[in-house]
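Student: Here it is, the structure in full.
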Amino acid sequence: MTALDLLTGPFLGVGLGIDVHSEAPDWASLLERNGKGPKRTFDFLEVYTRGEAGLAKQVKLAAKGLPLIYHHEGLDPVYPRTPRPEAVEAAATNMKALDAPWCVEELAYRRLDGRYLDFFMPAILTEESVRTAVSNFRAMNETLPAPVIPENPPYQLPVGDLHILTYLARVSELAEVPVVLDLGHLYSFQLCRALEPLAEIDRFPLDRVIELHVAGSTILNRDGITLYEDIHGAGNIPDVVLDMLAQVAPRCPNLRAVTIEVEDASTDTALAQASTVKKLVEKARAGGVSTGRLRPAKAARAK
Ligand SMILES: [Fe+2]
């Protein structure tokens, strides 16, 4: 099975992205309060770790058959070195523990010359960086038990000439992998370039999108400069990001999952976000949402 074969699987639904390191929301109480069958509030969990072992097994036991996707951080796929073997091994262990169909990893890095920096460094948007990402994803996907799928990272100061959607499409094409499109992160990039929220989306191969992400954020205004700050469950999902979801979800023919990243939210907030997004996605996929709050793609392209 190749990574692209994942695109032919069924739609899992709307799930919650939780960080096993965060106290809130408490994943065990989310699972307890999640109803059963068609009445459940969320359809899967996306479990985030920085590679630590052990907790993934506990989540798997408590999930009682609910699908689990894995979100790793630490493979540093855009850093110009082969991914560290210990990071790849840690990802493999957690993927197996969760029985995850795929693993999400952002196009970013945290380690510089072997040292961990507490700064999130998104991909430099050049062809050279595309080639690095492609060779790292190809190498990882030869050994891992399930494919690692790239996610577009958030930006506050993009470096390089490529649009993030061009970069993501190039990595997908050359590494032969599906992609995770984080709509909040996409909006963060568009804000930096003063572009419309869905600029360039018409040129993007939406049939490669396996998963969409949304999350809470704050939009900062610093000396007249607008910046997107990714705060996940500690904030509300902006209306503009929900509008992007309503427009993009029905245009992704191979979509398998919509994830709301909720770390730091209360259990009540996480469940409320799940039910709002679930209704929106069901309606959008059935062809029924037109918010009218985003400009049509044609107007964005003409800018
Ligand atoms: Fe994300």
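Identifiers for the structure tokens are assigned positionally: chains receive A, B, ... in sequence, residues are indexed from 1 per chain, and ligands are indexed from 1 in the order shown.
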Just asking: which residues within segment 210-292 of chain A are helix (DSSP H, G or I) according to DSSP, as a PyMOL selection string?

Tutor: chain A and resi 232-234+239-251+267-285

Student: Give as a ChimeraX atom specification the residues surrounding ligand 1 up to a distance of 7 Å, considering only C-alpha atoms and all ligand atoms.

Tutor: /A:151,182,213-214,261

Student: For the selection just defined, write its residues with N, CA, C and O atoms to a file, as a PDB file, in the first residue's frame.

Tutor:
```pdb
ATOM      1  N   GLU A 151       1.719  18.595   6.823  1.00  0.00           N
ATOM      2  CA  GLU A 151       0.710  19.637   7.108  1.00  0.00           C
ATOM      3  C   GLU A 151       1.358  21.004   6.898  1.00  0.00           C
ATOM      4  O   GLU A 151       2.507  21.218   7.317  1.00  0.00           O
ATOM      5  N   ASP A 182      -4.239  22.752   6.947  1.00  0.00           N
ATOM      6  CA  ASP A 182      -4.715  23.459   8.128  1.00  0.00           C
ATOM      7  C   ASP A 182      -5.197  24.834   7.670  1.00  0.00           C
ATOM      8  O   ASP A 182      -4.411  25.653   7.178  1.00  0.00           O
ATOM      9  N   HIS A 213      -7.694  20.804   8.980  1.00  0.00           N
ATOM     10  CA  HIS A 213      -7.595  21.230  10.381  1.00  0.00           C
ATOM     11  C   HIS A 213      -8.216  22.608  10.557  1.00  0.00           C
ATOM     12  O   HIS A 213      -8.044  23.470   9.690  1.00  0.00           O
ATOM     13  N   VAL A 214      -8.882  22.793  11.687  1.00  0.00           N
ATOM     14  CA  VAL A 214      -9.259  24.140  12.146  1.00  0.00           C
ATOM     15  C   VAL A 214      -8.916  24.211  13.633  1.00  0.00           C
ATOM     16  O   VAL A 214      -8.794  23.170  14.289  1.00  0.00           O
ATOM     17  N   GLU A 261      -8.319  21.181  16.464  1.00  0.00           N
ATOM     18  CA  GLU A 261      -7.229  21.053  17.443  1.00  0.00           C
ATOM     19  C   GLU A 261      -7.635  21.829  18.693  1.00  0.00           C
ATOM     20  O   GLU A 261      -7.850  23.036  18.643  1.00  0.00           O
TER      21      GLU A 261
END
```

Student: Name the residues in contact with Ile18 of chain A at a cut-off of 10 Å, using only C-alpha atoms, excluding same-chain residues fewer than 5 positions from it; report them as a PDB file with N, CA, C and O atoms, in the first residue's frame.

Tutor:
```
ATOM      1  N   GLU A  23      -3.033  19.322  30.167  1.00  0.00           N
ATOM      2  CA  GLU A  23      -4.023  18.889  31.164  1.00  0.00           C
ATOM      3  C   GLU A  23      -5.426  19.066  30.620  1.00  0.00           C
ATOM      4  O   GLU A  23      -6.344  18.334  30.984  1.00  0.00           O
ATOM      5  N   ALA A  24      -5.613  20.098  29.804  1.00  0.00           N
ATOM      6  CA  ALA A  24      -6.947  20.364  29.269  1.00  0.00           C
ATOM      7  C   ALA A  24      -6.909  20.312  27.743  1.00  0.00           C
ATOM      8  O   ALA A  24      -5.944  20.784  27.148  1.00  0.00           O
ATOM      9  N   PRO A  25      -7.945  19.774  27.126  1.00  0.00           N
ATOM     10  CA  PRO A  25      -9.013  19.045  27.788  1.00  0.00           C
ATOM     11  C   PRO A  25      -8.517  17.668  28.211  1.00  0.00           C
ATOM     12  O   PRO A  25      -7.580  17.137  27.613  1.00  0.00           O
ATOM     13  N   ASP A  26      -9.162  17.124  29.229  1.00  0.00           N
ATOM     14  CA  ASP A  26      -8.802  15.803  29.717  1.00  0.00           C
ATOM     15  C   ASP A  26      -9.348  14.762  28.724  1.00  0.00           C
ATOM     16  O   ASP A  26     -10.558  14.614  28.580  1.00  0.00           O
ATOM     17  N   TRP A  27      -8.433  14.097  28.009  1.00  0.00           N
ATOM     18  CA  TRP A  27      -8.888  13.204  26.929  1.00  0.00           C
ATOM     19  C   TRP A  27      -9.759  12.071  27.460  1.00  0.00           C
ATOM     20  O   TRP A  27     -10.664  11.594  26.780  1.00  0.00           O
ATOM     21  N   LEU A  30     -13.196  13.443  27.787  1.00  0.00           N
ATOM     22  CA  LEU A  30     -13.785  13.619  26.442  1.00  0.00           C
ATOM     23  C   LEU A  30     -14.348  12.290  25.947  1.00  0.00           C
ATOM     24  O   LEU A  30     -15.468  12.224  25.424  1.00  0.00           O
ATOM     25  N   LEU A  45     -10.177  10.665  17.545  1.00  0.00           N
ATOM     26  CA  LEU A  45      -9.218  11.565  18.210  1.00  0.00           C
ATOM     27  C   LEU A  45      -7.948  11.606  17.376  1.00  0.00           C
ATOM     28  O   LEU A  45      -7.526  10.575  16.827  1.00  0.00           O
ATOM     29  N   GLU A  46      -7.349  12.782  17.295  1.00  0.00           N
ATOM     30  CA  GLU A  46      -6.003  12.881  16.721  1.00  0.00           C
ATOM     31  C   GLU A  46      -5.070  13.148  17.905  1.00  0.00           C
ATOM     32  O   GLU A  46      -5.196  14.162  18.587  1.00  0.00           O
ATOM     33  N   VAL A  47      -4.186  12.221  18.136  1.00  0.00           N
ATOM     34  CA  VAL A  47      -3.367  12.223  19.352  1.00  0.00           C
ATOM     35  C   VAL A  47      -1.990  12.801  19.031  1.00  0.00           C
ATOM     36  O   VAL A  47      -1.267  12.264  18.192  1.00  0.00           O
ATOM     37  N   TYR A  48      -1.659  13.901  19.717  1.00  0.00           N
ATOM     38  CA  TYR A  48      -0.395  14.588  19.471  1.00  0.00           C
ATOM     39  C   TYR A  48       0.606  14.235  20.562  1.00  0.00           C
ATOM     40  O   TYR A  48       0.289  14.278  21.757  1.00  0.00           O
ATOM     41  N   THR A  49       1.812  13.868  20.156  1.00  0.00           N
ATOM     42  CA  THR A  49       2.901  13.736  21.131  1.00  0.00           C
ATOM     43  C   THR A  49       4.168  14.289  20.500  1.00  0.00           C
ATOM     44  O   THR A  49       4.259  14.478  19.289  1.00  0.00           O
ATOM     45  N   TYR A  70      -2.528   9.817  14.407  1.00  0.00           N
ATOM     46  CA  TYR A  70      -1.377  10.255  15.195  1.00  0.00           C
ATOM     47  C   TYR A  70      -0.807  11.552  14.635  1.00  0.00           C
ATOM     48  O   TYR A  70      -0.689  11.707  13.412  1.00  0.00           O
ATOM     49  N   HIS A  71      -0.483  12.498  15.528  1.00  0.00           N
ATOM     50  CA  HIS A  71       0.149  13.757  15.129  1.00  0.00           C
ATOM     51  C   HIS A  71       1.469  13.851  15.889  1.00  0.00           C
ATOM     52  O   HIS A  71       1.481  14.032  17.091  1.00  0.00           O
ATOM     53  N   HIS A 232      -5.067  27.396  19.441  1.00  0.00           N
ATOM     54  CA  HIS A 232      -5.871  26.174  19.532  1.00  0.00           C
ATOM     55  C   HIS A 232      -7.031  26.331  20.509  1.00  0.00           C
ATOM     56  O   HIS A 232      -7.796  27.275  20.397  1.00  0.00           O
ATOM     57  N   GLY A 233      -7.146  25.420  21.475  1.00  0.00           N
ATOM     58  CA  GLY A 233      -8.350  25.417  22.324  1.00  0.00           C
ATOM     59  C   GLY A 233      -8.476  26.606  23.245  1.00  0.00           C
ATOM     60  O   GLY A 233      -9.524  26.804  23.870  1.00  0.00           O
ATOM     61  N   THR A 259     -10.330  17.769  11.538  1.00  0.00           N
ATOM     62  CA  THR A 259      -9.875  17.770  12.936  1.00  0.00           C
ATOM     63  C   THR A 259      -9.906  19.175  13.507  1.00  0.00           C
ATOM     64  O   THR A 259      -9.427  20.122  12.880  1.00  0.00           O
ATOM     65  N   ILE A 260     -10.466  19.275  14.723  1.00  0.00           N
ATOM     66  CA  ILE A 260     -10.422  20.544  15.461  1.00  0.00           C
ATOM     67  C   ILE A 260      -9.342  20.371  16.518  1.00  0.00           C
ATOM     68  O   ILE A 260      -9.445  19.483  17.372  1.00  0.00           O
ATOM     69  N   GLU A 261      -8.319  21.181  16.464  1.00  0.00           N
ATOM     70  CA  GLU A 261      -7.229  21.053  17.443  1.00  0.00           C
ATOM     71  C   GLU A 261      -7.635  21.829  18.693  1.00  0.00           C
ATOM     72  O   GLU A 261      -7.850  23.036  18.643  1.00  0.00           O
ATOM     73  N   VAL A 262      -7.790  21.107  19.803  1.00  0.00           N
ATOM     74  CA  VAL A 262      -8.446  21.701  20.979  1.00  0.00           C
ATOM     75  C   VAL A 262      -7.580  21.743  22.233  1.00  0.00           C
ATOM     76  O   VAL A 262      -8.114  21.951  23.317  1.00  0.00           O
ATOM     77  N   GLU A 263      -6.259  21.551  22.108  1.00  0.00           N
ATOM     78  CA  GLU A 263      -5.526  21.535  23.377  1.00  0.00           C
ATOM     79  C   GLU A 263      -5.667  22.878  24.088  1.00  0.00           C
ATOM     80  O   GLU A 263      -5.725  23.927  23.464  1.00  0.00           O
ATOM     81  N   ASP A 264      -5.776  22.799  25.394  1.00  0.00           N
ATOM     82  CA  ASP A 264      -6.003  23.923  26.316  1.00  0.00           C
ATOM     83  C   ASP A 264      -7.467  24.352  26.395  1.00  0.00           C
ATOM     84  O   ASP A 264      -7.796  25.282  27.131  1.00  0.00           O
ATOM     85  N   ALA A 265      -8.359  23.710  25.668  1.00  0.00           N
ATOM     86  CA  ALA A 265      -9.790  24.024  25.820  1.00  0.00           C
ATOM     87  C   ALA A 265     -10.326  23.244  27.016  1.00  0.00           C
ATOM     88  O   ALA A 265      -9.781  22.203  27.385  1.00  0.00           O
ATOM     89  N   ALA A 270     -14.436  22.005  24.079  1.00  0.00           N
ATOM     90  CA  ALA A 270     -14.021  21.081  23.018  1.00  0.00           C
ATOM     91  C   ALA A 270     -15.239  20.359  22.436  1.00  0.00           C
ATOM     92  O   ALA A 270     -15.377  20.239  21.215  1.00  0.00           O
TER      93      ALA A 270
END
```

Student: May I ask for the distance between atom CA of Pro83 of chain A and atom CA of Glu142 of chain A, given in Å to one decimal place?

Tutor: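 Atom CA of Pro83 of chain A sits 12.5 Å away from atom CA of Glu142 of chain A.
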
Student: Tell me which of A:Leu280, A:Val104, A:Ala3, A:Ala97 sits closest to Leu75 of chain A, counting only C-alpha atoms.

Tutor: A:Val104

Student: Considering only C-alpha atoms, return as a list in words whatever protein or nucleic-acid residues lie within 12 Å of Ala139 of chain A, sequence-local ones (same chain, fewer than 2 positions apart) excluded.

Tutor: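 Using only C-alpha atoms, the neighbours found are Leu75, Pro77, Arg81, Thr82, Pro83, Arg84, Pro85, Val88, Thr132, Ala133, Val134, Ser135, Asn136, Phe137, Asn141, Glu142, Thr143, Leu144, Pro147, Val148, Ala175 and Glu176 of chain A.
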
Student: Please produce a file of the residues just selected, as a PDB file, in the first residue's frame, where the atoms kept are N, CA and C atoms.

Tutor:
```pdb
ATOM      1  N   LEU A  75       9.963  15.206  13.898  1.00  0.00           N
ATOM      2  CA  LEU A  75      10.647  14.556  12.775  1.00  0.00           C
ATOM      3  C   LEU A  75      11.418  15.584  11.932  1.00  0.00           C
ATOM      4  N   PRO A  77      10.873  17.485   9.219  1.00  0.00           N
ATOM      5  CA  PRO A  77      11.011  17.043   7.823  1.00  0.00           C
ATOM      6  C   PRO A  77      11.567  18.089   6.863  1.00  0.00           C
ATOM      7  N   ARG A  81      18.649  17.670   6.898  1.00  0.00           N
ATOM      8  CA  ARG A  81      19.376  16.478   7.353  1.00  0.00           C
ATOM      9  C   ARG A  81      18.369  15.328   7.330  1.00  0.00           C
ATOM     10  N   THR A  82      18.852  14.125   7.285  1.00  0.00           N
ATOM     11  CA  THR A  82      17.964  12.975   7.388  1.00  0.00           C
ATOM     12  C   THR A  82      17.317  12.994   8.778  1.00  0.00           C
ATOM     13  N   PRO A  83      16.006  12.711   8.882  1.00  0.00           N
ATOM     14  CA  PRO A  83      15.362  12.732  10.199  1.00  0.00           C
ATOM     15  C   PRO A  83      16.095  11.837  11.196  1.00  0.00           C
ATOM     16  N   ARG A  84      16.166  12.290  12.451  1.00  0.00           N
ATOM     17  CA  ARG A  84      16.903  11.548  13.486  1.00  0.00           C
ATOM     18  C   ARG A  84      16.281  10.168  13.670  1.00  0.00           C
ATOM     19  N   PRO A  85      17.093   9.116  13.673  1.00  0.00           N
ATOM     20  CA  PRO A  85      16.542   7.763  13.801  1.00  0.00           C
ATOM     21  C   PRO A  85      15.717   7.579  15.071  1.00  0.00           C
ATOM     22  N   VAL A  88      12.257   8.979  14.440  1.00  0.00           N
ATOM     23  CA  VAL A  88      11.479   8.109  13.548  1.00  0.00           C
ATOM     24  C   VAL A  88      11.013   6.872  14.321  1.00  0.00           C
ATOM     25  N   THR A 132      14.321  19.110  -0.031  1.00  0.00           N
ATOM     26  CA  THR A 132      14.657  18.538   1.288  1.00  0.00           C
ATOM     27  C   THR A 132      13.458  17.776   1.847  1.00  0.00           C
ATOM     28  N   ALA A 133      12.292  18.445   1.828  1.00  0.00           N
ATOM     29  CA  ALA A 133      11.083  17.820   2.389  1.00  0.00           C
ATOM     30  C   ALA A 133      10.775  16.521   1.647  1.00  0.00           C
ATOM     31  N   VAL A 134      10.883  16.558   0.321  1.00  0.00           N
ATOM     32  CA  VAL A 134      10.543  15.377  -0.480  1.00  0.00           C
ATOM     33  C   VAL A 134      11.465  14.218  -0.113  1.00  0.00           C
ATOM     34  N   SER A 135      12.755  14.499  -0.011  1.00  0.00           N
ATOM     35  CA  SER A 135      13.649  13.375   0.285  1.00  0.00           C
ATOM     36  C   SER A 135      13.424  12.861   1.704  1.00  0.00           C
ATOM     37  N   ASN A 136      13.111  13.742   2.662  1.00  0.00           N
ATOM     38  CA  ASN A 136      12.851  13.274   4.027  1.00  0.00           C
ATOM     39  C   ASN A 136      11.536  12.488   4.131  1.00  0.00           C
ATOM     40  N   PHE A 137      10.485  12.963   3.462  1.00  0.00           N
ATOM     41  CA  PHE A 137       9.213  12.214   3.515  1.00  0.00           C
ATOM     42  C   PHE A 137       9.361  10.863   2.834  1.00  0.00           C
ATOM     43  N   ASN A 141       8.789   7.407   4.844  1.00  0.00           N
ATOM     44  CA  ASN A 141       7.678   6.549   4.436  1.00  0.00           C
ATOM     45  C   ASN A 141       8.132   5.183   3.922  1.00  0.00           C
ATOM     46  N   GLU A 142       9.431   5.027   3.769  1.00  0.00           N
ATOM     47  CA  GLU A 142       9.934   3.681   3.435  1.00  0.00           C
ATOM     48  C   GLU A 142       9.990   2.791   4.668  1.00  0.00           C
ATOM     49  N   THR A 143      10.101   3.413   5.854  1.00  0.00           N
ATOM     50  CA  THR A 143      10.315   2.586   7.047  1.00  0.00           C
ATOM     51  C   THR A 143       9.153   2.597   8.037  1.00  0.00           C
ATOM     52  N   LEU A 144       8.356   3.656   8.050  1.00  0.00           N
ATOM     53  CA  LEU A 144       7.321   3.754   9.093  1.00  0.00           C
ATOM     54  C   LEU A 144       6.146   2.807   8.826  1.00  0.00           C
ATOM     55  N   PRO A 147       1.906   5.849   6.624  1.00  0.00           N
ATOM     56  CA  PRO A 147       2.517   7.044   6.032  1.00  0.00           C
ATOM     57  C   PRO A 147       2.518   8.279   6.948  1.00  0.00           C
ATOM     58  N   VAL A 148       3.589   9.062   6.840  1.00  0.00           N
ATOM     59  CA  VAL A 148       3.626  10.395   7.449  1.00  0.00           C
ATOM     60  C   VAL A 148       3.138  11.370   6.399  1.00  0.00           C
ATOM     61  N   ALA A 175       6.758  13.791  -3.449  1.00  0.00           N
ATOM     62  CA  ALA A 175       6.930  12.747  -2.427  1.00  0.00           C
ATOM     63  C   ALA A 175       5.809  11.714  -2.509  1.00  0.00           C
ATOM     64  N   GLU A 176       4.828  11.969  -3.396  1.00  0.00           N
ATOM     65  CA  GLU A 176       3.682  11.053  -3.582  1.00  0.00           C
ATOM     66  C   GLU A 176       2.973  10.780  -2.262  1.00  0.00           C
TER      67      GLU A 176
END
```

Student: For Pro238 of chain A, work out the shell of residues within 8 Å, counting only C-alpha atoms and skipping chain neighbours fewer than 6 positions away, then give it as a ChimeraX atom specification.

Tutor: /A:216-218

Student: Pull the strand (DSSP E) assignments for segment 46-246 of chain A out of DSSP run on the backbone, and list those residues as an MDAnalysis selection string.

Tutor: chainID A and resid 46:49 68:72 103:106 108:112 115:122 148:151 179:182 209:215 217:222 225:230

Student: Could you write out the selected residues, including C-alpha atoms, as an mmCIF file, in the first residue's frame?

Tutor:
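Below you can see selection_17.cif, which holds the result:
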```
data_model
loop_
_atom_site.group_PDB
_atom_site.id
_atom_site.type_symbol
_atom_site.label_atom_id
_atom_site.label_comp_id
_atom_site.auth_asym_id
_atom_site.auth_seq_id
_atom_site.Cartn_x
_atom_site.Cartn_y
_atom_site.Cartn_z
ATOM 1 C CA GLU A 46 -6.003 12.881 16.721
ATOM 2 C CA VAL A 47 -3.367 12.223 19.352
ATOM 3 C CA TYR A 48 -0.395 14.588 19.471
ATOM 4 C CA THR A 49 2.901 13.736 21.131
ATOM 5 C CA LEU A 68 -7.148 7.320 16.331
ATOM 6 C CA ILE A 69 -4.897 9.378 14.064
ATOM 7 C CA TYR A 70 -1.377 10.255 15.195
ATOM 8 C CA HIS A 71 0.149 13.757 15.129
ATOM 9 C CA HIS A 72 3.884 13.715 15.783
ATOM 10 C CA CYS A 103 0.714 10.301 11.052
ATOM 11 C CA VAL A 104 0.537 14.068 10.617
ATOM 12 C CA GLU A 105 3.748 16.122 10.784
ATOM 13 C CA GLU A 106 4.107 19.828 10.102
ATOM 14 C CA ALA A 108 8.631 22.750 10.106
ATOM 15 C CA TYR A 109 11.540 22.045 12.412
ATOM 16 C CA ARG A 110 12.421 22.596 16.043
ATOM 17 C CA ARG A 111 15.995 21.364 16.189
ATOM 18 C CA LEU A 112 18.988 23.234 14.912
ATOM 19 C CA ARG A 115 19.766 21.280 19.764
ATOM 20 C CA TYR A 116 16.077 21.674 20.607
ATOM 21 C CA LEU A 117 14.914 25.288 20.313
ATOM 22 C CA ASP A 118 11.605 26.296 21.763
ATOM 23 C CA PHE A 119 10.813 28.114 18.541
ATOM 24 C CA PHE A 120 8.650 26.760 15.822
ATOM 25 C CA MET A 121 10.392 27.252 12.486
ATOM 26 C CA PRO A 122 8.126 26.782 9.470
ATOM 27 C CA VAL A 148 3.626 10.395 7.449
ATOM 28 C CA ILE A 149 1.549 13.144 5.863
ATOM 29 C CA PRO A 150 2.747 16.780 5.626
ATOM 30 C CA GLU A 151 0.710 19.637 7.108
ATOM 31 C CA VAL A 179 -1.653 16.403 2.528
ATOM 32 C CA VAL A 180 -3.228 17.859 5.636
ATOM 33 C CA LEU A 181 -4.487 21.372 4.971
ATOM 34 C CA ASP A 182 -4.715 23.459 8.128
ATOM 35 C CA VAL A 209 -6.289 16.630 0.790
ATOM 36 C CA ILE A 210 -6.852 13.770 3.218
ATOM 37 C CA GLU A 211 -7.528 15.907 6.274
ATOM 38 C CA LEU A 212 -8.514 19.479 7.121
ATOM 39 C CA HIS A 213 -7.595 21.230 10.381
ATOM 40 C CA VAL A 214 -9.259 24.140 12.146
ATOM 41 C CA ALA A 215 -8.451 25.590 15.568
ATOM 42 C CA SER A 217 -6.699 31.629 17.272
ATOM 43 C CA THR A 218 -6.338 35.322 17.989
ATOM 44 C CA ILE A 219 -5.694 37.884 15.320
ATOM 45 C CA LEU A 220 -3.135 40.341 16.685
ATOM 46 C CA ASN A 221 -2.566 43.867 15.512
ATOM 47 C CA ARG A 222 1.024 44.922 16.215
ATOM 48 C CA ILE A 225 0.625 44.625 11.206
ATOM 49 C CA THR A 226 -1.980 41.879 11.385
ATOM 50 C CA LEU A 227 -0.735 38.537 12.651
ATOM 51 C CA TYR A 228 -2.427 35.225 13.285
ATOM 52 C CA GLU A 229 -1.574 33.556 16.565
ATOM 53 C CA ASP A 230 -2.313 29.854 16.759
#
```

Student: What gap, in Å, lies between atom CA of Phe44 of chain A and atom CA of Pro67 of chain A?

Tutor: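 Between these atoms lies a distance of 4.9 Å.
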
Student: Show which residues sit within 10 Å of segment 248-257 of chain A, as an mmCIF file with C-alpha atoms, in the first residue's frame. Count only C-alpha atoms, and ignore same-chain residues fewer than 4 positions away.

Tutor:
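Written out: selection-v9.cif:
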```cif
data_model
loop_
_atom_site.group_PDB
_atom_site.id
_atom_site.type_symbol
_atom_site.label_atom_id
_atom_site.label_comp_id
_atom_site.auth_asym_id
_atom_site.auth_seq_id
_atom_site.Cartn_x
_atom_site.Cartn_y
_atom_site.Cartn_z
ATOM 1 C CA LEU A 6 -5.057 6.326 1.836
ATOM 2 C CA LEU A 7 -7.062 8.740 -0.305
ATOM 3 C CA THR A 8 -9.434 5.967 -1.347
ATOM 4 C CA GLY A 9 -10.600 5.162 2.206
ATOM 5 C CA PRO A 10 -13.883 6.202 3.863
ATOM 6 C CA PHE A 11 -14.625 9.558 5.512
ATOM 7 C CA LEU A 12 -14.029 9.166 9.263
ATOM 8 C CA GLY A 13 -15.893 12.336 10.218
ATOM 9 C CA VAL A 14 -15.069 15.218 12.564
ATOM 10 C CA GLY A 15 -12.563 14.599 15.340
ATOM 11 C CA ASP A 43 -15.788 10.586 15.428
ATOM 12 C CA PHE A 44 -12.080 10.151 16.165
ATOM 13 C CA GLU A 46 -6.003 12.881 16.721
ATOM 14 C CA ILE A 69 -4.897 9.378 14.064
ATOM 15 C CA PRO A 178 -1.594 13.168 0.501
ATOM 16 C CA VAL A 179 -1.653 16.403 2.528
ATOM 17 C CA VAL A 180 -3.228 17.859 5.636
ATOM 18 C CA LEU A 181 -4.487 21.372 4.971
ATOM 19 C CA LEU A 183 -7.094 26.287 7.247
ATOM 20 C CA LEU A 198 -8.651 31.351 -0.193
ATOM 21 C CA ILE A 201 -6.880 27.516 -3.720
ATOM 22 C CA ASP A 202 -8.224 27.109 -7.267
ATOM 23 C CA PRO A 205 -4.873 19.870 -6.115
ATOM 24 C CA LEU A 206 -7.670 19.512 -3.554
ATOM 25 C CA ASP A 207 -7.964 15.819 -4.462
ATOM 26 C CA ARG A 208 -4.713 15.354 -2.447
ATOM 27 C CA VAL A 209 -6.289 16.630 0.790
ATOM 28 C CA ILE A 210 -6.852 13.770 3.218
ATOM 29 C CA GLU A 211 -7.528 15.907 6.274
ATOM 30 C CA LEU A 212 -8.514 19.479 7.121
ATOM 31 C CA HIS A 213 -7.595 21.230 10.381
ATOM 32 C CA LEU A 242 -15.180 28.334 9.580
ATOM 33 C CA ASP A 243 -16.185 29.969 6.290
ATOM 34 C CA MET A 244 -13.044 28.602 4.649
ATOM 35 C CA LEU A 280 -21.181 22.705 9.458
ATOM 36 C CA VAL A 281 -19.231 19.920 7.730
ATOM 37 C CA GLU A 282 -22.283 17.697 7.270
ATOM 38 C CA LYS A 283 -24.208 20.593 5.736
ATOM 39 C CA ALA A 284 -21.293 21.707 3.549
ATOM 40 C CA ARG A 285 -20.665 18.170 2.237
ATOM 41 C CA ALA A 286 -24.354 17.872 1.440
ATOM 42 C CA GLY A 287 -24.011 21.085 -0.593
ATOM 43 C CA GLY A 288 -25.883 23.426 1.702
ATOM 44 C CA VAL A 289 -23.629 26.130 3.194
#
```

Student: I need the residue nearest Leu174 of chain A from this list: A:Arg131, A:Leu271, A:Ile231, A:Tyr187. Use only C-alpha atoms for the distance.

Tutor: A:Arg131

Student: Identify which of the residues A:Ser29, A:Ser172, A:Thr267, A:Gln190 lies closest to Val59 of chain A, counting only C-alpha atoms when measuring atom-to-atom distances.

Tutor: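 Closest to Val59 of chain A, using only C-alpha atoms: A:Ser29.
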
Student: Write out as a PyMOL selection string the residues lying within 7 Å of Gly160 of chain A, counting only C-alpha atoms and excluding same-chain residues fewer than 4 positions away.

Tutor: chain A and resi 124-126

Student: How would the residues just picked look written out with all heavy atoms as an mmCIF file, in the first residue's frame?

Tutor:
```cif
data_model
loop_
_atom_site.group_PDB
_atom_site.id
_atom_site.type_symbol
_atom_site.label_atom_id
_atom_site.label_comp_id
_atom_site.auth_asym_id
_atom_site.auth_seq_id
_atom_site.Cartn_x
_atom_site.Cartn_y
_atom_site.Cartn_z
ATOM 1 N N ILE A 124 11.060 27.161 4.947
ATOM 2 C CA ILE A 124 11.450 28.271 4.059
ATOM 3 C C ILE A 124 10.875 27.922 2.689
ATOM 4 O O ILE A 124 11.002 26.781 2.223
ATOM 5 C CB ILE A 124 12.983 28.404 4.033
ATOM 6 C CG1 ILE A 124 13.441 28.887 5.411
ATOM 7 C CG2 ILE A 124 13.443 29.340 2.923
ATOM 8 C CD1 ILE A 124 14.936 28.923 5.597
ATOM 9 N N LEU A 125 10.230 28.905 2.063
ATOM 10 C CA LEU A 125 9.408 28.585 0.894
ATOM 11 C C LEU A 125 10.196 28.697 -0.410
ATOM 12 O O LEU A 125 9.985 29.607 -1.223
ATOM 13 C CB LEU A 125 8.160 29.478 0.922
ATOM 14 C CG LEU A 125 7.316 29.224 2.178
ATOM 15 C CD1 LEU A 125 6.283 30.308 2.395
ATOM 16 C CD2 LEU A 125 6.656 27.851 2.119
ATOM 17 N N THR A 126 11.109 27.756 -0.592
ATOM 18 C CA THR A 126 11.939 27.720 -1.803
ATOM 19 C C THR A 126 11.905 26.307 -2.397
ATOM 20 O O THR A 126 11.566 25.343 -1.700
ATOM 21 C CB THR A 126 13.406 28.040 -1.479
ATOM 22 O OG1 THR A 126 13.880 27.042 -0.552
ATOM 23 C CG2 THR A 126 13.568 29.414 -0.858
#
```
